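File shown: work.txt (compact mmCIF, C-alpha atoms).
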```txt
# COMPACT_ATOMS: atom_id res chain seq x y z
CA MET T 1 91.40 -36.47 -27.89
CA ASN T 2 94.41 -35.63 -30.10
CA GLY T 3 96.80 -36.70 -27.37
CA ARG T 4 95.08 -40.07 -27.12
CA VAL T 5 95.47 -40.69 -30.90
CA VAL T 6 99.16 -39.79 -30.82
CA ALA T 7 99.72 -42.21 -27.96
CA LEU T 8 98.04 -45.06 -29.85
CA VAL T 9 100.15 -44.46 -32.99
CA PHE T 10 103.34 -44.38 -30.94
CA ALA T 11 102.39 -47.60 -29.14
CA GLY T 12 101.67 -49.34 -32.47
CA GLY T 13 105.02 -48.34 -33.94
CA LEU T 14 106.86 -49.52 -30.84
CA SER T 15 105.08 -52.88 -31.00
CA MET T 16 106.10 -53.39 -34.67
CA SER T 17 109.72 -52.62 -33.82
CA ILE T 18 109.78 -55.14 -30.97
CA ASN T 19 108.30 -57.90 -33.19
CA VAL T 20 110.79 -57.30 -36.00
CA PHE T 21 113.68 -57.28 -33.55
CA ALA T 22 112.52 -60.61 -32.06
CA GLN T 23 112.32 -62.27 -35.51
CA THR T 24 115.41 -60.88 -37.22
CA GLY T 25 117.66 -59.58 -34.49
CA VAL T 26 117.85 -56.27 -36.30
CA ALA T 27 116.95 -53.14 -34.39
CA VAL T 28 114.58 -50.84 -36.28
CA THR T 29 113.75 -47.26 -35.42
CA ALA T 30 110.12 -46.99 -34.46
CA HIS T 31 108.01 -45.43 -37.19
CA PRO T 32 104.34 -46.03 -37.86
CA ILE T 33 104.84 -46.70 -41.62
CA ALA T 34 108.27 -48.46 -41.61
CA VAL T 35 108.63 -51.55 -43.94
CA VAL T 36 111.31 -54.10 -42.99
CA GLN T 37 112.74 -56.63 -45.48
CA SER T 38 114.12 -59.95 -44.27
CA PRO T 39 117.91 -60.42 -44.54
CA GLU T 40 117.46 -63.37 -46.99
CA LEU T 41 115.42 -61.35 -49.49
CA ALA T 42 117.69 -58.37 -49.04
CA GLY T 43 120.59 -60.61 -50.11
CA GLY T 44 118.82 -61.57 -53.36
CA ALA T 45 118.03 -65.22 -52.47
CA GLU T 46 115.24 -66.93 -54.47
CA LEU T 47 111.96 -67.64 -52.78
CA GLY T 48 111.85 -71.21 -54.24
CA THR T 49 114.07 -73.78 -56.00
CA ALA T 50 114.28 -73.43 -59.82
CA PRO T 51 113.25 -76.56 -61.78
CA LEU T 52 116.16 -78.78 -62.82
CA ARG T 53 117.05 -78.94 -66.51
CA PHE T 54 119.28 -82.00 -66.00
CA GLY T 55 119.48 -84.09 -62.87
CA ARG T 56 116.09 -85.78 -62.59
CA ASN T 57 116.34 -89.54 -62.16
CA VAL T 58 113.66 -90.57 -64.69
CA GLU T 59 112.68 -88.78 -67.91
CA HIS T 60 110.86 -89.43 -71.18
CA SER T 61 111.44 -87.58 -74.47
CA LEU T 62 109.91 -87.59 -77.95
CA GLY T 63 111.52 -86.05 -81.02
CA PHE T 64 113.23 -86.52 -84.35
CA ARG T 65 116.73 -86.96 -85.74
CA THR T 66 118.36 -85.86 -88.99
CA TRP T 67 121.70 -87.46 -89.78
CA ILE T 68 124.04 -87.28 -92.76
CA TRP T 69 125.50 -90.62 -93.86
CA ASN T 70 128.61 -91.22 -95.93
CA THR T 71 130.06 -94.50 -97.19
CA PRO T 72 133.60 -93.44 -98.18
CA ALA T 73 135.29 -94.95 -101.19
CA TRP T 74 138.10 -96.41 -99.08
CA MET T 75 135.59 -98.62 -97.24
CA VAL T 76 134.39 -100.13 -100.53
CA GLY T 77 138.05 -100.37 -101.58
CA LEU T 78 138.67 -102.85 -98.77
CA PHE T 79 136.59 -105.40 -100.73
CA ALA T 80 136.82 -104.29 -104.38
CA HIS T 81 138.95 -102.30 -106.79
CA ILE T 82 137.53 -98.89 -107.78
CA GLU T 83 138.69 -97.67 -111.18
CA ASN T 84 137.28 -94.14 -111.27
CA ASP T 85 137.19 -91.19 -108.89
CA TRP T 86 134.03 -92.33 -107.08
CA SER T 87 133.18 -90.43 -103.90
CA GLY T 88 130.68 -92.80 -102.26
CA PRO T 89 127.07 -91.96 -101.34
CA VAL T 90 126.28 -88.98 -99.10
CA THR T 91 122.67 -88.77 -97.95
CA PHE T 92 120.31 -87.26 -95.38
CA SER T 93 118.71 -89.79 -93.06
CA PRO T 94 115.56 -88.66 -91.16
CA GLY T 95 114.03 -90.55 -88.25
CA LEU T 96 111.88 -90.47 -85.10
CA GLU T 97 113.09 -91.03 -81.52
CA TYR T 98 111.79 -91.95 -78.09
CA VAL T 99 114.25 -91.51 -75.21
CA TYR T 100 113.94 -93.13 -71.78
CA ARG T 101 116.38 -91.80 -69.19
CA LYS T 102 117.19 -93.66 -65.99
CA GLY T 103 119.95 -92.09 -63.96
CA SER T 104 122.98 -91.57 -66.21
CA LEU T 105 121.79 -93.93 -69.01
CA ASP T 106 119.67 -92.95 -72.03
CA LEU T 107 117.87 -95.64 -74.07
CA VAL T 108 117.15 -94.08 -77.46
CA VAL T 109 114.67 -96.03 -79.60
CA GLY T 110 114.70 -94.89 -83.24
CA LEU T 111 112.98 -95.52 -86.57
CA GLN T 112 115.04 -94.24 -89.49
CA TYR T 113 115.10 -94.12 -93.30
CA THR T 114 118.46 -94.07 -95.09
CA SER T 115 119.04 -93.73 -98.84
CA LEU T 116 122.09 -95.48 -100.28
CA ALA T 117 121.58 -94.09 -103.78
CA THR T 118 124.49 -93.25 -106.09
CA PRO T 119 122.72 -91.85 -109.17
CA ASP T 120 124.55 -90.84 -112.33
CA PRO T 121 127.08 -89.21 -112.52
CA ASN T 122 128.22 -90.51 -109.10
CA THR T 123 128.42 -94.14 -110.23
CA ALA T 124 131.32 -96.44 -109.47
CA LEU T 125 133.47 -98.48 -111.86
CA ILE T 126 134.30 -101.55 -109.80
CA ARG T 127 135.80 -105.01 -110.18
CA GLY T 128 136.80 -107.69 -107.72
CA ARG T 129 140.21 -107.27 -106.14
CA ASN T 130 141.34 -110.56 -107.67
CA GLU T 131 139.76 -109.95 -111.09
CA ASN T 132 141.45 -108.46 -114.18
CA ASP T 133 140.51 -105.27 -116.02
CA VAL T 134 137.96 -106.88 -118.34
CA ALA T 135 135.73 -107.66 -115.33
CA LEU T 136 135.10 -103.96 -114.72
CA GLU T 137 131.43 -103.01 -114.19
CA ARG T 138 129.41 -99.84 -113.74
CA ILE T 139 127.58 -99.92 -110.38
CA GLU T 140 124.55 -97.69 -109.80
CA SER T 141 122.77 -98.00 -106.46
CA GLN T 142 119.14 -97.09 -105.82
CA LEU T 143 119.11 -99.02 -102.54
CA TRP T 144 117.60 -97.80 -99.27
CA THR T 145 117.16 -99.12 -95.75
CA PHE T 146 114.49 -98.67 -93.06
CA SER T 147 115.96 -99.30 -89.63
CA ALA T 148 114.75 -99.92 -86.09
CA ASN T 149 117.57 -99.36 -83.62
CA VAL T 150 118.39 -98.65 -79.98
CA LEU T 151 121.23 -96.44 -78.76
CA PHE T 152 122.70 -96.99 -75.29
CA LEU T 153 124.18 -93.65 -74.23
CA TRP T 154 125.96 -93.01 -70.94
CA THR T 155 126.29 -89.46 -69.62
CA SER T 156 128.98 -87.25 -68.14
CA ARG T 157 127.32 -84.06 -66.94
CA ILE T 158 129.33 -80.85 -67.21
CA ASN T 159 126.75 -78.47 -65.76
CA ASP T 160 122.98 -78.00 -65.49
CA TRP T 161 122.52 -77.53 -69.27
CA PHE T 162 125.33 -79.53 -70.97
CA GLU T 163 126.39 -83.19 -71.05
CA ILE T 164 128.79 -85.39 -73.01
CA GLN T 165 127.36 -88.78 -74.07
CA TYR T 166 129.02 -91.95 -75.37
CA GLY T 167 127.86 -95.46 -76.12
CA THR T 168 126.80 -97.90 -78.81
CA GLY T 169 123.75 -98.90 -80.84
CA VAL T 170 122.18 -102.08 -82.21
CA GLY T 171 119.27 -102.75 -84.52
CA VAL T 172 118.11 -104.24 -87.80
CA SER T 173 117.50 -102.72 -91.25
CA ALA T 174 115.13 -103.80 -94.01
CA VAL T 175 116.70 -103.37 -97.46
CA GLY T 176 114.81 -102.12 -100.50
CA GLY T 177 115.51 -100.65 -103.93
CA ASP T 178 117.67 -101.78 -106.84
CA LEU T 179 121.36 -102.25 -107.56
CA TYR T 180 122.24 -101.97 -111.26
CA ARG T 181 125.34 -103.65 -112.70
CA THR T 182 126.57 -103.19 -116.28
CA GLN T 183 129.74 -104.44 -117.97
CA VAL T 184 131.81 -101.63 -119.50
CA THR T 185 134.34 -101.36 -122.30
CA PRO T 186 136.91 -98.64 -123.05
CA GLY T 187 135.33 -95.81 -125.06
CA ALA T 188 136.71 -94.37 -128.27
CA GLY T 189 137.14 -90.94 -126.68
CA GLY T 190 138.60 -92.25 -123.42
CA GLY T 191 136.94 -93.49 -120.27
CA TYR T 192 134.45 -96.34 -120.38
CA GLN T 193 131.04 -96.96 -121.90
CA GLU T 194 128.40 -99.53 -121.01
CA CYS T 195 128.13 -102.77 -122.95
CA SER T 196 124.83 -103.31 -124.73
CA GLN T 197 123.23 -106.61 -125.69
CA ALA T 198 124.34 -105.98 -129.29
CA GLU T 199 127.98 -105.84 -128.15
CA ARG T 200 127.80 -108.98 -126.06
CA ALA T 201 130.76 -111.34 -126.66
CA ARG T 202 132.28 -109.05 -129.29
CA THR T 203 135.17 -107.95 -127.06
CA ALA T 204 136.93 -109.33 -124.00
CA TYR T 205 135.27 -106.61 -121.92
CA CYS T 206 131.74 -107.31 -123.17
CA ASP T 207 131.98 -111.07 -122.65
CA ALA T 208 129.24 -113.66 -122.21
CA ALA T 209 130.09 -114.56 -118.62
CA ASN T 210 126.87 -112.92 -117.35
CA ASN T 211 123.86 -110.85 -118.38
CA HIS T 212 125.11 -107.53 -117.02
CA TYR T 213 124.20 -105.42 -120.09
CA VAL T 214 122.05 -102.54 -121.19
CA ASN T 215 118.93 -104.16 -122.64
CA THR T 216 117.35 -103.16 -125.94
CA ASP T 217 114.65 -101.21 -124.06
CA GLY T 218 117.31 -99.16 -122.23
CA THR T 219 116.99 -100.94 -118.86
CA ARG T 220 120.01 -102.33 -117.03
CA PHE T 221 120.65 -105.60 -115.25
CA SER T 222 119.37 -105.39 -111.65
CA GLU T 223 121.03 -107.55 -109.00
CA PRO T 224 118.48 -110.07 -107.63
CA ARG T 225 117.82 -110.60 -103.95
CA LEU T 226 118.93 -113.59 -101.94
CA THR T 227 115.29 -114.58 -101.47
CA ALA T 228 114.63 -114.54 -105.23
CA SER T 229 117.75 -116.22 -106.62
CA ASN T 230 120.55 -118.48 -105.44
CA SER T 231 122.99 -116.11 -107.13
CA GLY T 232 121.43 -112.91 -105.74
CA SER T 233 123.50 -110.77 -103.38
CA ILE T 234 120.99 -108.29 -101.89
CA PRO T 235 119.85 -109.51 -98.45
CA PRO T 236 116.32 -108.68 -97.24
CA VAL T 237 117.65 -107.44 -93.88
CA VAL T 238 121.04 -106.44 -92.51
CA PRO T 239 122.26 -105.77 -88.95
CA TRP T 240 122.56 -102.18 -87.73
CA LEU T 241 125.52 -101.70 -85.42
CA SER T 242 127.00 -98.43 -84.20
CA LEU T 243 130.34 -98.34 -82.37
CA PRO T 244 131.07 -95.81 -81.13
CA HIS T 245 128.29 -93.25 -80.86
CA LEU T 246 129.38 -89.89 -79.43
CA ALA T 247 127.15 -86.91 -78.64
CA LEU T 248 127.01 -83.41 -77.18
CA HIS T 249 123.75 -82.96 -75.25
CA PHE T 250 122.34 -79.47 -74.64
CA ARG T 251 119.23 -78.51 -72.65
CA PRO T 252 118.45 -74.79 -72.87
CA HIS T 253 115.02 -75.36 -71.27
CA ARG T 254 113.48 -77.84 -68.85
CA ASN T 255 111.26 -79.31 -71.63
CA PHE T 256 113.53 -79.01 -74.70
CA ASP T 257 116.90 -80.49 -75.62
CA ILE T 258 119.28 -80.87 -78.55
CA ARG T 259 121.73 -83.74 -79.10
CA VAL T 260 124.57 -83.37 -81.64
CA ASP T 261 125.54 -86.86 -82.85
CA GLY T 262 128.45 -88.55 -84.56
CA GLY T 263 129.56 -92.14 -85.01
CA PHE T 264 130.37 -95.12 -87.19
CA ALA T 265 128.01 -97.90 -88.26
CA VAL T 266 128.21 -100.87 -90.63
CA ILE T 267 127.38 -98.83 -93.74
CA GLY T 268 129.62 -95.85 -92.96
CA PHE T 269 129.97 -92.69 -90.91
CA TYR T 270 127.14 -90.46 -89.73
CA SER T 271 126.66 -87.10 -88.04
CA GLY T 272 123.74 -84.80 -87.34
CA LEU T 273 121.41 -83.75 -84.58
CA ALA T 274 118.26 -84.75 -82.69
CA MET T 275 115.68 -82.53 -80.94
CA HIS T 276 113.18 -83.61 -78.27
CA TYR T 277 110.33 -82.51 -76.09
CA VAL T 278 111.14 -83.68 -72.55
CA PHE T 279 108.42 -84.65 -70.07
```

Transcribe the structure of this file into structure tokens.
Amino acid sequence: MNGRVVALVFAGGLSMSINVFAQTGVAVTAHPIAVVQSPELAGGAELGTAPLRFGRNVEHSLGFRTWIWNTPAWMVGLFAHIENDWSGPVTFSPGLEYVYRKGSLDLVVGLQYTSLATPDPNTALIRGRNENDVALERIESQLWTFSANVLFLWTSRINDWFEIQYGTGVGVSAVGGDLYRTQVTPGAGGGYQECSQAERARTAYCDAANNHYVNTDGTRFSEPRLTASNSGSIPPVVPWLSLPHLALHFRPHRNFDIRVDGGFAVIGFYSGLAMHYVF
């Protein structure tokens, strides 16, 4: 009886060895409890293909952007003379994004709020480039824009998690808020002070050419809109144009990415980042 059991075990081990040799070409010493690993797994190869982070032909993404905008003084200086050391507005600009990717092109649809405020003390003393000193005015902006825009970004892929993007953007911005203008006169202690209604026409600086004064109730003259006055200079909408737009695009995970942005648009320079859920 014992001899018959030993023979069966030996026959089973021999059969396993023959099967493994036929499949792998690797000879294995017969043993009833031997475990043989395939050459592919022994070499560390993956059982399946890992999901692509970049490289899919069509993608959709939802997320948000936060940019910093700056309108430098030299840009305003192209159209007007700035008397004081005005730095130009610097503001955070939040927005929402939807991204449609087709091949190497991203279409980025955005809705974005941008403040153009220059509250005191960051107000500008400005006059026209062809005007004399007595035309100097204090300019305080409380303007803002709400924009709908589309970025067209082409891609150069560096590896599976990093791309460089470049392109342009177009859109339109609704304009809101107020722009205050006040004539100024040299102050007794240096610098300039605003002209009040009581000082109107008393000096060459505080002349009667317009109503740009501090009123008796403390309010200032607010520039009217084009739609409200023939002499107004604030348009209801303005074009939004970005050229160029440059970006560094990172994807640490299949469903999450980060885009670091920078560029130039009509109202100045911007930089910041956007984050998305990718599906």

Given only C-alpha atoms as the basis, pick out the residue of T:Arg53, T:Asp257, T:Ser222, T:Leu78 nearest to Leu273 of chain T.
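Closest candidate: T:Asp257.
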
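The smallest atom-to-atom distance between Ser242 of chain T and any of T:Ser229, T:Thr66, T:Asn149, T:Asn132, using all atoms listed in the file, is found for T:Asn149.
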
Using only C-alpha atoms, list the residues that have an atom at most 8 Å from (122.7, -87.3, -96.7), coordinates as in the file, as a PDB file with C-alpha atoms, in the coordinates of the input.
```
ATOM      1  CA  TRP T  67     121.700 -87.460 -89.780  1.00  0.00           C
ATOM      2  CA  ILE T  68     124.040 -87.280 -92.760  1.00  0.00           C
ATOM      3  CA  TRP T  69     125.500 -90.620 -93.860  1.00  0.00           C
ATOM      4  CA  ASN T  70     128.610 -91.220 -95.930  1.00  0.00           C
ATOM      5  CA  PRO T  89     127.070 -91.960-101.340  1.00  0.00           C
ATOM      6  CA  VAL T  90     126.280 -88.980 -99.100  1.00  0.00           C
ATOM      7  CA  THR T  91     122.670 -88.770 -97.950  1.00  0.00           C
ATOM      8  CA  PHE T  92     120.310 -87.260 -95.380  1.00  0.00           C
ATOM      9  CA  SER T  93     118.710 -89.790 -93.060  1.00  0.00           C
ATOM     10  CA  SER T 115     119.040 -93.730 -98.840  1.00  0.00           C
TER      11      SER T 115
END
```

Between atom CA of His245 of chain T and atom CA of Leu179 of chain T, what distance in Å does the model show, to one decimal?
29.0 Å

Of the candidates T:His276, T:Ala188, T:His81, T:Val150, which one gets nearest to Phe250 of chain T if we count only C-alpha atoms?
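Nearest candidate to Phe250 of chain T out of T:His276, T:Ala188, T:His81, T:Val150: T:His276.
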
I want to know what sits within 7 Å of segment 152-154 of chain T, based on all atoms listed in the file, with residues of the same chain fewer than 2 positions away left out; could you give that as a CSV table (one decimal) with C-alpha atoms, in the coordinates of the input?
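To be explicit, this is the file written out as around_35.csv:
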```csv
chain,number,residue,atom,x,y,z
T,104,SER,CA,123.0,-91.6,-66.2
T,105,LEU,CA,121.8,-93.9,-69.0
T,106,ASP,CA,119.7,-93.0,-72.0
T,107,LEU,CA,117.9,-95.6,-74.1
T,108,VAL,CA,117.2,-94.1,-77.5
T,150,VAL,CA,118.4,-98.6,-80.0
T,165,GLN,CA,127.4,-88.8,-74.1
T,166,TYR,CA,129.0,-92.0,-75.4
T,167,GLY,CA,127.9,-95.5,-76.1
T,168,THR,CA,126.8,-97.9,-78.8
T,169,GLY,CA,123.8,-98.9,-80.8
```

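The coordinates place atom CA of Tyr205 of chain T at 8.0 Å from atom CA of Asp133 of chain T.
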
Nearest residue to Pro119 of chain T out of T:Phe79, T:Tyr98, T:Tyr277, T:Tyr180, using only C-alpha atoms?
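Counting only C-alpha atoms, the residue closest to Pro119 of chain T is T:Tyr180.
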
For atom CA of Leu116 of chain T and atom CA of Phe146 of chain T, the interatomic separation in Å (one decimal):
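That distance, rounded to one decimal, is 11.0 Å.
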
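With all atoms listed in the file as the basis for measurement, T:Leu151 is the residue among T:Leu151, T:Gln197, T:Asp160, T:Gly55 that approaches Gly263 of chain T most closely.
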
How big is the axis-aligned box around the listed atoms of segment 261-275 of chain T once 6 Å is added on each side, and where is its centre? Give both in Å to one decimal, as lines of an AutoDock Vina configuration file.
```
center_x = 123.0
center_y = -91.7
center_z = -87.3
size_x = 26.7
size_y = 30.3
size_z = 24.8
```

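In terms of minimum interatomic distance to Ser231 of chain T, T:Asn210 ranks closest within T:Leu246, T:Asn210, T:Asp217, T:Gly176, counting all atoms listed in the file.
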
Find the residues near Glu199 of chain T: any atom within 10 Å, counting all atoms listed in the file, skip ones fewer than 3 places away on the same chain, and give them as a PyMOL selection string.
chain T and resi 185+194-196+202-203+205-208+213-214

Residue contacts of Arg181 of chain T (9 Å, only C-alpha atoms) excluding same-chain residues fewer than 4 positions away, as a list in words
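The residues that qualify are Glu137, Arg138, Ile139, Glu140, Ser141, His212, Tyr213, Arg220, Phe221, Ser222 and Glu223 of chain T.
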